[in-house]
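Please read the structure below before turning to the comments.
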Amino acid sequence: MNDKKVTYLEAIGQAIREEMLRDEAVFLLGEDVGAYGGAFKVSAGLQNEFGVDRVIDTPMSEAAIIGSAVGSALMGMRPIAEMQFIDFITCGFDQIINMASKMYWRAGMPVSMVIRGPSGGGTKGGPFHSSSPEAWFFHSPGMKVVVPSTTYDAKGMLKAAIRDNNPVLYLEHKLLYRMPELREELPTDDYIVPLGKAIVRREGEDMTILTYGAMVHQCLKAARILEEADDLEVEVLDLRSLAPLDRETIQESVKRTNKVLIVHEDTLTGGIGAELSAILAQDLFEYLDGPITRVAAPDVPFPYAPQLEAAFLPDADKILVAARELAAY
Amino acid sequence: MELERANLLQIYRFMRLTRVMEDRIRTLFLQGRIVGGVYTAQGHEATTVGAAMTLHDGDCIVPQHRDLGMHIVRGVSPRSIMCQWLARGNSPTLGRDGQMHIGDMHAGVVPMISMLGASLPVACGVALTMKMRKRSNVALASCGDGATNTGSFHEALNFASSQKLPLVFVIENNGYAYSTPTSKQFAIQNLADRALAYGMPGQSVDGNDVFAVIEAVGKAVERARNGQGPSLVECKTFRVRGHSEADKADYVPAELRAEWLAKDPIQRFADYLFRYDILTENINAKIEAEIKAIINDAVNFAEHSPAPDGATVSDYVYAPNGPIAIVGEPDADNPQYINAFDSRTGQPFSIVDKAEEAVGRR
Ligand SMILES: Cc1ncc(C[n+]2csc(CCOP(=O)(O)OP(=O)(O)O)c2C)c(N)n1
Ligand SMILES: [Mg+2]
């Protein structure tokens, strides 16, 4: 095993650390982020290195964590506000929707902040520790929303988010944190992954799958099976930035493949897939040779029991069923 | 509150049942039979059991994640608790939610969510209804030291006070919110002082002394029952285990933990009971055997209960329309009312013993 390889989780920690070294305006605040290193140990060691003034343990007060991040951003700082689980972002919702995201638009004042935290399910976390909240914020003009799926992107996109002058919601999938397959050696030089750029993870001519986050890996798995078992060449496009959305890369791909399957872990109705479908229907109507198809979680709250969670979450098997149906259309 | 011998033994039994049940839950977790997070409350038993002992029929608890003791006192059945921990299809949440996130309004238990502090405004609504309906009932809502730092906590205290609600807030100050000690959470010594700002009485008591808890909470409950409005009681205790069973809690100084372990509320109470011959070796052995049997039965029952069926995942997201009873009033259990029973299953709500019988869980 190459010990220069790092996990997705370590890449996030590296991004925070390097940005804190590079720019003293950058700081981290949240619950248990200091000596404890955060509930998932993303910030392990950072308080030791940067002190209690730049790695701040806060009370359990999400509205104050996010609100004070807004205030310090207005003062020119670059706060990174951690939600212990992204589910708790709801407790600070008002500060994001009404304070942060509208600030530049109404007052011309940039709010250079990042809100980040573990999202997503598959960990038997139940209804309050498994959510994928991207759609609420995707729907809020002024917010950027990014969802890295690889270790390289986790680091590069977090750095880009920290340097961005807008409020960025950066969603980390907790299932990817320590996934062995995602360990990789990262460039030693500083790099960023610009927000707003999608990436083709696998090329193909028969169908485009639009996806993001942990579902990228389920889609890649399904694509491999479709190649072996069905002789289908499926293109997997990792959106990774939902707002801004890379319409060009989507268009370029779909114009070649003429069929689109959209896959996300979040629930179906009003999800990211709904907007993608509308964009495709309007922009690429003549290019489509099959119905725009979505695979997403059903419209119910996230369940706890393993049997229910398995029924709820999209996975490679469910993607295969939908992809085969679409391919046969 | 006059505490008679029988009552004292009952309190002791509840405290032991709570402790032993949590020990068993921890074992199940270590055996991999509980898949999600496990939060226990060793050391909280005097607070949770003591506080709940001050309530009467028709009162309501609004408990949080370390309040197994309150559930037990209020009659929530060990079987349904175990079904919930093991995510069985016949658990109160049908396996949809985990931990102590269970409730039943007819039994006076509001189900919590993980967002700590969020239940406190809900407690206001429960108490508001009691007041509007001119009942002599009260609501008792608990939260941790950490939750007192949420906006919801402060809004709830102010709301309750300005509306003079029959509500008692019990803070279980156990020294930590996850890894964060109280000294990093707020700049006051006594959380009872928070009451002052909202114009209600506040009192801090030794949360490991069941008599002190019963006296202070009892007084607050009587005050609420008499229409004099809400109070706050801070019970000072300690989280002698990790935040969850996955947390080693090495951030807690060993001496501090040892100091509190020596103040174990159950041991203290047992010492008292033995000293006055209320508890004898004989009675004690009987209680322990009884508790063991109850828990074995509950675990056994849960393990033989069906897992939820994945095909039901999309069922019952919306309640059917129809008449809704005002809970706690005559006829509220009439099946013509949508909320008289669990309309997801067509069965009575089944977290308390009595109702369990009706669904054939006993
Ligand atoms: C609003 C909210 N933010 C964050 C969390 C994550 N979290 C779970 S328990 C906990 C600490 C709670 O401390 P306290 O209220 O003192 O209760 P205790 O666990 O000590 O009994 C935190 C931060 C949460 N559950 N709710
Ligand atoms: Mg606490």
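Numbering starts fresh at 1 for the residues of each chain in the structure tokens, the chains themselves are lettered A, B, ... in the order given, and ligands are numbered from 1 as they appear.
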Please report, as a tab-separated table, each residue of stretch 135-227 of chain B lying at most 12 Å from stretch 321-331 of chain B, together with the nearest pair of atoms and the separation in Å rounded to one decimal; use only C-alpha atoms, and order rows by chain and ascending residue number.
```
residue	atom	partner	partner_atom	distance
B:Arg135	CA	B:Gly328	CA	9.5
B:Ser136	CA	B:Gly328	CA	11.5
B:Asn137	CA	B:Gly328	CA	9.8
B:Val138	CA	B:Gly328	CA	12.0
```
So which residues touch A:Ala161 within 8 Å, counting only C-alpha atoms, skipping near sequence neighbours fewer than 2 positions away, as a ChimeraX atom specification? /A:113-114,157-159,163-164,168,170,195
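The interface of chain A with chain B at 7 Å, considering only C-alpha atoms, consists of Asp32, Tyr36, Thr58, Pro59, Met60, Ser61, Phe88, Lys124, Gly125, Gly126, Pro127, Phe128, Pro298, Val300, Pro303, Tyr304, Ala305, Gln307, Leu308, Ala311 and Phe312 of chain A.
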Can you pull out the residues contacting stretch 277-293 of chain A? Cut-off 8 Å, using only C-alpha atoms, and skip same-chain residues under 3 positions away; I want them as a JSON list (two decimals) with all heavy atoms, in the first residue's frame.
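New file around.json:
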```json
[["chain", "number", "residue", "atom", "x", "y", "z"],
["A", 251, "GLN", "N", -24.70, 19.36, -22.02],
["A", 251, "GLN", "CA", -25.18, 19.43, -23.40],
["A", 251, "GLN", "C", -24.29, 18.64, -24.33],
["A", 251, "GLN", "O", -24.75, 17.86, -25.17],
["A", 251, "GLN", "CB", -25.21, 20.88, -23.87],
["A", 251, "GLN", "CG", -26.28, 21.70, -23.20],
["A", 251, "GLN", "CD", -26.75, 22.84, -24.07],
["A", 251, "GLN", "OE1", -26.21, 23.05, -25.15],
["A", 251, "GLN", "NE2", -27.77, 23.55, -23.62],
["A", 254, "VAL", "N", -24.92, 14.89, -23.83],
["A", 254, "VAL", "CA", -26.24, 14.37, -24.23],
["A", 254, "VAL", "C", -26.44, 14.47, -25.74],
["A", 254, "VAL", "O", -27.10, 13.63, -26.35],
["A", 254, "VAL", "CB", -27.35, 15.11, -23.45],
["A", 254, "VAL", "CG1", -28.73, 14.69, -23.93],
["A", 254, "VAL", "CG2", -27.20, 14.84, -21.95],
["A", 255, "LYS", "N", -25.82, 15.46, -26.35],
["A", 255, "LYS", "CA", -25.93, 15.57, -27.81],
["A", 255, "LYS", "C", -25.30, 14.36, -28.49],
["A", 255, "LYS", "O", -25.69, 13.98, -29.58],
["A", 255, "LYS", "CB", -25.24, 16.85, -28.30],
["A", 255, "LYS", "CG", -26.10, 18.09, -28.12],
["A", 255, "LYS", "CD", -25.40, 19.33, -28.65],
["A", 255, "LYS", "CE", -26.28, 20.56, -28.48],
["A", 255, "LYS", "NZ", -25.54, 21.79, -28.78],
["A", 258, "ASN", "N", -27.75, 10.97, -26.66],
["A", 258, "ASN", "CA", -29.19, 11.07, -26.95],
["A", 258, "ASN", "C", -30.13, 10.41, -25.92],
["A", 258, "ASN", "O", -31.34, 10.35, -26.14],
["A", 258, "ASN", "CB", -29.51, 10.52, -28.35],
["A", 258, "ASN", "CG", -28.58, 11.10, -29.39],
["A", 258, "ASN", "OD1", -27.74, 10.40, -29.95],
["A", 258, "ASN", "ND2", -28.68, 12.41, -29.62],
["A", 259, "LYS", "N", -29.55, 9.89, -24.87],
["A", 259, "LYS", "CA", -30.41, 9.35, -23.81],
["A", 259, "LYS", "C", -29.84, 9.76, -22.46],
["A", 259, "LYS", "O", -28.63, 9.75, -22.28],
["A", 259, "LYS", "CB", -30.47, 7.82, -23.90],
["A", 259, "LYS", "CG", -31.35, 7.35, -25.05],
["A", 259, "LYS", "CD", -31.50, 5.85, -25.08],
["A", 259, "LYS", "CE", -32.49, 5.49, -26.20],
["A", 259, "LYS", "NZ", -32.56, 4.03, -26.42],
["A", 260, "VAL", "N", -30.75, 10.10, -21.54],
["A", 260, "VAL", "CA", -30.27, 10.59, -20.24],
["A", 260, "VAL", "C", -30.95, 9.88, -19.08],
["A", 260, "VAL", "O", -32.18, 9.81, -19.01],
["A", 260, "VAL", "CB", -30.54, 12.10, -20.05],
["A", 260, "VAL", "CG1", -29.74, 12.63, -18.86],
["A", 260, "VAL", "CG2", -30.23, 12.88, -21.28],
["A", 261, "LEU", "N", -30.11, 9.42, -18.19],
["A", 261, "LEU", "CA", -30.59, 8.89, -16.92],
["A", 261, "LEU", "C", -30.02, 9.80, -15.83],
["A", 261, "LEU", "O", -28.82, 10.09, -15.83],
["A", 261, "LEU", "CB", -30.08, 7.46, -16.74],
["A", 261, "LEU", "CG", -30.46, 6.73, -15.45],
["A", 261, "LEU", "CD1", -31.96, 6.49, -15.39],
["A", 261, "LEU", "CD2", -29.73, 5.39, -15.37],
["A", 262, "ILE", "N", -30.88, 10.25, -14.94],
["A", 262, "ILE", "CA", -30.43, 11.12, -13.85],
["A", 262, "ILE", "C", -30.50, 10.31, -12.55],
["A", 262, "ILE", "O", -31.51, 9.67, -12.28],
["A", 262, "ILE", "CB", -31.32, 12.37, -13.75],
["A", 262, "ILE", "CG1", -31.29, 13.15, -15.07],
["A", 262, "ILE", "CG2", -30.88, 13.25, -12.58],
["A", 262, "ILE", "CD1", -32.37, 14.19, -15.20],
["A", 273, "GLY", "N", -32.76, 16.43, -9.91],
["A", 273, "GLY", "CA", -33.15, 15.78, -11.17],
["A", 273, "GLY", "C", -34.32, 16.47, -11.84],
["A", 273, "GLY", "O", -34.43, 16.46, -13.08],
["A", 274, "ALA", "N", -35.18, 17.05, -11.06],
["A", 274, "ALA", "CA", -36.34, 17.73, -11.64],
["A", 274, "ALA", "C", -35.88, 18.92, -12.47],
["A", 274, "ALA", "O", -36.34, 19.15, -13.60],
["A", 274, "ALA", "CB", -37.29, 18.18, -10.52],
["A", 322, "ALA", "N", -33.29, 0.76, -14.46],
["A", 322, "ALA", "CA", -33.74, 1.95, -15.19],
["A", 322, "ALA", "C", -32.93, 2.13, -16.48],
["A", 322, "ALA", "O", -33.48, 2.48, -17.53],
["A", 322, "ALA", "CB", -33.61, 3.18, -14.30],
["A", 326, "LEU", "N", -34.31, 2.20, -20.32],
["A", 326, "LEU", "CA", -34.07, 3.37, -21.18],
["A", 326, "LEU", "C", -33.31, 2.96, -22.44],
["A", 326, "LEU", "O", -33.62, 3.42, -23.54],
["A", 326, "LEU", "CB", -33.28, 4.43, -20.38],
["A", 326, "LEU", "CG", -32.91, 5.70, -21.13],
["A", 326, "LEU", "CD1", -34.16, 6.41, -21.67],
["A", 326, "LEU", "CD2", -32.15, 6.66, -20.20],
["A", 329, "TYR", "N", -35.49, 1.54, -25.08],
["A", 329, "TYR", "CA", -36.59, 2.40, -25.58],
["A", 329, "TYR", "C", -36.46, 2.66, -27.07],
["A", 329, "TYR", "O", -35.38, 2.98, -27.57],
["A", 329, "TYR", "CB", -36.59, 3.72, -24.80],
["A", 329, "TYR", "CG", -37.75, 4.62, -25.18],
["A", 329, "TYR", "CD1", -38.99, 4.47, -24.55],
["A", 329, "TYR", "CD2", -37.62, 5.56, -26.19],
["A", 329, "TYR", "CE1", -40.05, 5.27, -24.91],
["A", 329, "TYR", "CE2", -38.69, 6.36, -26.55],
["A", 329, "TYR", "CZ", -39.91, 6.22, -25.91],
["A", 329, "TYR", "OH", -40.97, 7.01, -26.26]]
```
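Atom pair atom CA of B:Leu55 / atom CA of B:Leu140 has a distance of 8.3 Å (rounded to one decimal).
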Excluding stretch 4-10 of chain B and any residue of its chain fewer than 3 positions from it, enumerate the residues within 9 Å of it, using only C-alpha atoms, and give them as a PDB file with N, CA and C atoms, in the first residue's frame.
```
ATOM      1  N   ARG B  13     -36.581   0.736  42.064  1.00  0.00           N
ATOM      2  CA  ARG B  13     -36.781  -0.272  41.024  1.00  0.00           C
ATOM      3  C   ARG B  13     -36.709   0.371  39.624  1.00  0.00           C
ATOM      4  N   PHE B  14     -37.354   1.514  39.475  1.00  0.00           N
ATOM      5  CA  PHE B  14     -37.298   2.215  38.186  1.00  0.00           C
ATOM      6  C   PHE B  14     -35.854   2.596  37.827  1.00  0.00           C
ATOM      7  N   MET B  15     -35.129   3.058  38.837  1.00  0.00           N
ATOM      8  CA  MET B  15     -33.743   3.471  38.569  1.00  0.00           C
ATOM      9  C   MET B  15     -32.889   2.276  38.150  1.00  0.00           C
ATOM     10  N   LEU B 273     -31.519   3.407  51.422  1.00  0.00           N
ATOM     11  CA  LEU B 273     -32.605   2.446  51.631  1.00  0.00           C
ATOM     12  C   LEU B 273     -32.177   1.295  52.536  1.00  0.00           C
ATOM     13  N   ILE B 278     -35.293  -0.253  54.431  1.00  0.00           N
ATOM     14  CA  ILE B 278     -36.379  -0.240  53.441  1.00  0.00           C
ATOM     15  C   ILE B 278     -36.040  -1.262  52.370  1.00  0.00           C
ATOM     16  N   LEU B 279     -34.771  -1.269  52.015  1.00  0.00           N
ATOM     17  CA  LEU B 279     -34.269  -2.289  51.107  1.00  0.00           C
ATOM     18  C   LEU B 279     -33.516  -3.304  51.951  1.00  0.00           C
TER      19      LEU B 279
END
```
Go through chain A and flag each residue having an atom no more than 12 Å from ligand 1; for those, report the closest pair of atoms plus their distance in Å to one decimal, using only C-alpha atoms and all ligand atoms, ordered by chain and rising number, as JSON lines.
```
{"residue": "A:Gly30", "atom": "CA", "partner": "ligand 1", "partner_atom_place_in_ligand_line": "23 (C)", "distance": 9.4}
{"residue": "A:Glu31", "atom": "CA", "partner": "ligand 1", "partner_atom_place_in_ligand_line": "23 (C)", "distance": 6.1}
{"residue": "A:Asp32", "atom": "CA", "partner": "ligand 1", "partner_atom_place_in_ligand_line": "23 (C)", "distance": 7.5}
{"residue": "A:Val33", "atom": "CA", "partner": "ligand 1", "partner_atom_place_in_ligand_line": "23 (C)", "distance": 10.6}
{"residue": "A:Gly38", "atom": "CA", "partner": "ligand 1", "partner_atom_place_in_ligand_line": "23 (C)", "distance": 10.2}
{"residue": "A:Ala39", "atom": "CA", "partner": "ligand 1", "partner_atom_place_in_ligand_line": "6 (C)", "distance": 8.8}
{"residue": "A:Phe40", "atom": "CA", "partner": "ligand 1", "partner_atom_place_in_ligand_line": "6 (C)", "distance": 11.9}
{"residue": "A:Asp57", "atom": "CA", "partner": "ligand 1", "partner_atom_place_in_ligand_line": "23 (C)", "distance": 10.8}
{"residue": "A:Thr58", "atom": "CA", "partner": "ligand 1", "partner_atom_place_in_ligand_line": "23 (C)", "distance": 9.5}
{"residue": "A:Pro59", "atom": "CA", "partner": "ligand 1", "partner_atom_place_in_ligand_line": "23 (C)", "distance": 8.0}
{"residue": "A:Met60", "atom": "CA", "partner": "ligand 1", "partner_atom_place_in_ligand_line": "23 (C)", "distance": 5.3}
{"residue": "A:Ser61", "atom": "CA", "partner": "ligand 1", "partner_atom_place_in_ligand_line": "1 (C)", "distance": 6.7}
{"residue": "A:Glu62", "atom": "CA", "partner": "ligand 1", "partner_atom_place_in_ligand_line": "3 (N)", "distance": 6.5}
{"residue": "A:Ala63", "atom": "CA", "partner": "ligand 1", "partner_atom_place_in_ligand_line": "1 (C)", "distance": 9.2}
{"residue": "A:Ala64", "atom": "CA", "partner": "ligand 1", "partner_atom_place_in_ligand_line": "1 (C)", "distance": 11.2}
{"residue": "A:Ile65", "atom": "CA", "partner": "ligand 1", "partner_atom_place_in_ligand_line": "3 (N)", "distance": 10.5}
{"residue": "A:Glu82", "atom": "CA", "partner": "ligand 1", "partner_atom_place_in_ligand_line": "4 (C)", "distance": 10.4}
{"residue": "A:Met83", "atom": "CA", "partner": "ligand 1", "partner_atom_place_in_ligand_line": "4 (C)", "distance": 7.5}
{"residue": "A:Gln84", "atom": "CA", "partner": "ligand 1", "partner_atom_place_in_ligand_line": "6 (C)", "distance": 5.9}
{"residue": "A:Phe85", "atom": "CA", "partner": "ligand 1", "partner_atom_place_in_ligand_line": "6 (C)", "distance": 6.9}
{"residue": "A:Ile86", "atom": "CA", "partner": "ligand 1", "partner_atom_place_in_ligand_line": "4 (C)", "distance": 9.3}
{"residue": "A:Asp87", "atom": "CA", "partner": "ligand 1", "partner_atom_place_in_ligand_line": "3 (N)", "distance": 8.5}
{"residue": "A:Phe88", "atom": "CA", "partner": "ligand 1", "partner_atom_place_in_ligand_line": "3 (N)", "distance": 5.4}
{"residue": "A:Ile89", "atom": "CA", "partner": "ligand 1", "partner_atom_place_in_ligand_line": "1 (C)", "distance": 8.4}
{"residue": "A:Thr90", "atom": "CA", "partner": "ligand 1", "partner_atom_place_in_ligand_line": "1 (C)", "distance": 8.5}
{"residue": "A:Cys91", "atom": "CA", "partner": "ligand 1", "partner_atom_place_in_ligand_line": "1 (C)", "distance": 6.2}
{"residue": "A:Gly92", "atom": "CA", "partner": "ligand 1", "partner_atom_place_in_ligand_line": "1 (C)", "distance": 9.0}
{"residue": "A:Phe93", "atom": "CA", "partner": "ligand 1", "partner_atom_place_in_ligand_line": "1 (C)", "distance": 11.7}
{"residue": "A:Gly117", "atom": "CA", "partner": "ligand 1", "partner_atom_place_in_ligand_line": "4 (C)", "distance": 11.4}
{"residue": "A:Pro118", "atom": "CA", "partner": "ligand 1", "partner_atom_place_in_ligand_line": "6 (C)", "distance": 11.8}
{"residue": "A:Phe128", "atom": "CA", "partner": "ligand 1", "partner_atom_place_in_ligand_line": "25 (N)", "distance": 8.6}
{"residue": "A:His129", "atom": "CA", "partner": "ligand 1", "partner_atom_place_in_ligand_line": "25 (N)", "distance": 9.1}
```
Taken to one decimal, the atom CA of A:Glu252-atom CA of A:Leu232 distance is 19.2 Å
Looking only at the backbone, which of the residues in stretch 93-323 of chain B does DSSP tag as alpha helix (DSSP H), as an NGL selection string? :B and (119-132 or 151-162 or 193-197 or 210-225 or 254-261 or 265-275 or 281-303)
Using only C-alpha atoms, which protein or nucleic acid residues come within 8 Å of stretch 38-49 of chain B? Drop anything in the same chain fewer than 3 positions from it, and give the result as a VMD selection string. chain B and resid 11 14 to 15 18 to 19 22 25 to 26 29 34 52 to 53 65 to 70 72 to 73 99 172 207 to 210 213 235 237 to 241 243 to 246 261 264 to 266
Have a look at B:Phe169, B:Phe274, B:Tyr176, B:Phe153 and name the one nearest to ligand 2; count only C-alpha atoms and all ligand atoms.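 Distance minimum relative to ligand 2 lands on B:Tyr176.
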Go through A:Glu185, A:Glu172, A:Phe50, A:Val234 one by one, measure the shortest atom-to-atom distance of each to A:Asp3 using only C-alpha atoms, and give the residue with the smallest value.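 Looking at the shortest contact to A:Asp3, the residue is A:Glu185.
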Can you tell me, as a tab-separated table (two decimals) with N, CA, C and O atoms, in the first residue's frame, what residues are no more than 10 Å from A:Pro141 when counting only C-alpha atoms, ignoring any on the same chain fewer than 3 positions away?
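Contents of part25.tsv, as written:
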```tsv
chain	number	residue	atom	x	y	z
A	97	ILE	N	-30.57	31.30	4.24
A	97	ILE	CA	-31.50	31.71	3.18
A	97	ILE	C	-31.69	33.23	3.17
A	97	ILE	O	-31.62	33.86	2.12
A	101	SER	N	-27.41	34.32	1.66
A	101	SER	CA	-27.53	34.18	0.20
A	101	SER	C	-28.04	35.45	-0.48
A	101	SER	O	-27.82	35.66	-1.66
A	102	LYS	N	-28.70	36.32	0.26
A	102	LYS	CA	-29.25	37.54	-0.37
A	102	LYS	C	-28.36	38.75	-0.19
A	102	LYS	O	-28.65	39.83	-0.72
A	105	TRP	N	-26.53	40.36	-3.31
A	105	TRP	CA	-27.57	40.84	-4.24
A	105	TRP	C	-28.23	42.12	-3.76
A	105	TRP	O	-28.45	43.06	-4.50
A	137	PHE	N	-31.03	24.31	-0.99
A	137	PHE	CA	-30.07	25.40	-1.18
A	137	PHE	C	-29.83	25.68	-2.66
A	137	PHE	O	-29.59	26.81	-3.05
A	138	PHE	N	-29.92	24.64	-3.47
A	138	PHE	CA	-29.87	24.74	-4.92
A	138	PHE	C	-30.99	25.69	-5.38
A	138	PHE	O	-30.85	26.43	-6.35
A	144	LYS	N	-23.98	28.80	-3.58
A	144	LYS	CA	-23.32	27.79	-4.40
A	144	LYS	C	-23.41	26.47	-3.65
A	144	LYS	O	-23.34	26.45	-2.42
A	243	ALA	N	-24.65	24.14	-8.17
A	243	ALA	CA	-24.85	25.57	-8.42
A	243	ALA	C	-23.49	26.24	-8.19
A	243	ALA	O	-23.00	26.18	-7.06
```
Distance of atom CA of B:Leu232 from atom CA of B:Val126, expressed in Å to one decimal place: 16.8 Å
All residues 6 Å or closer to stretch 199-202 of chain A, only C-alpha atoms, same chain fewer than 6 positions away omitted, as a PDB file with N, CA, C and O atoms, in the first residue's frame:
```
ATOM      1  N   GLU A 235     -22.028   6.688 -20.547  1.00  0.00           N
ATOM      2  CA  GLU A 235     -21.197   7.801 -20.086  1.00  0.00           C
ATOM      3  C   GLU A 235     -21.676   8.219 -18.692  1.00  0.00           C
ATOM      4  O   GLU A 235     -22.872   8.385 -18.463  1.00  0.00           O
ATOM      5  N   VAL A 236     -20.734   8.378 -17.789  1.00  0.00           N
ATOM      6  CA  VAL A 236     -21.108   8.817 -16.440  1.00  0.00           C
ATOM      7  C   VAL A 236     -20.542  10.210 -16.213  1.00  0.00           C
ATOM      8  O   VAL A 236     -19.324  10.414 -16.233  1.00  0.00           O
ATOM      9  N   LEU A 237     -21.437  11.153 -16.041  1.00  0.00           N
ATOM     10  CA  LEU A 237     -21.034  12.544 -15.874  1.00  0.00           C
ATOM     11  C   LEU A 237     -21.253  12.957 -14.421  1.00  0.00           C
ATOM     12  O   LEU A 237     -22.381  12.925 -13.923  1.00  0.00           O
ATOM     13  N   ASP A 238     -20.178  13.286 -13.767  1.00  0.00           N
ATOM     14  CA  ASP A 238     -20.231  13.707 -12.358  1.00  0.00           C
ATOM     15  C   ASP A 238     -20.410  15.227 -12.342  1.00  0.00           C
ATOM     16  O   ASP A 238     -19.508  15.985 -12.685  1.00  0.00           O
TER      17      ASP A 238
END
```
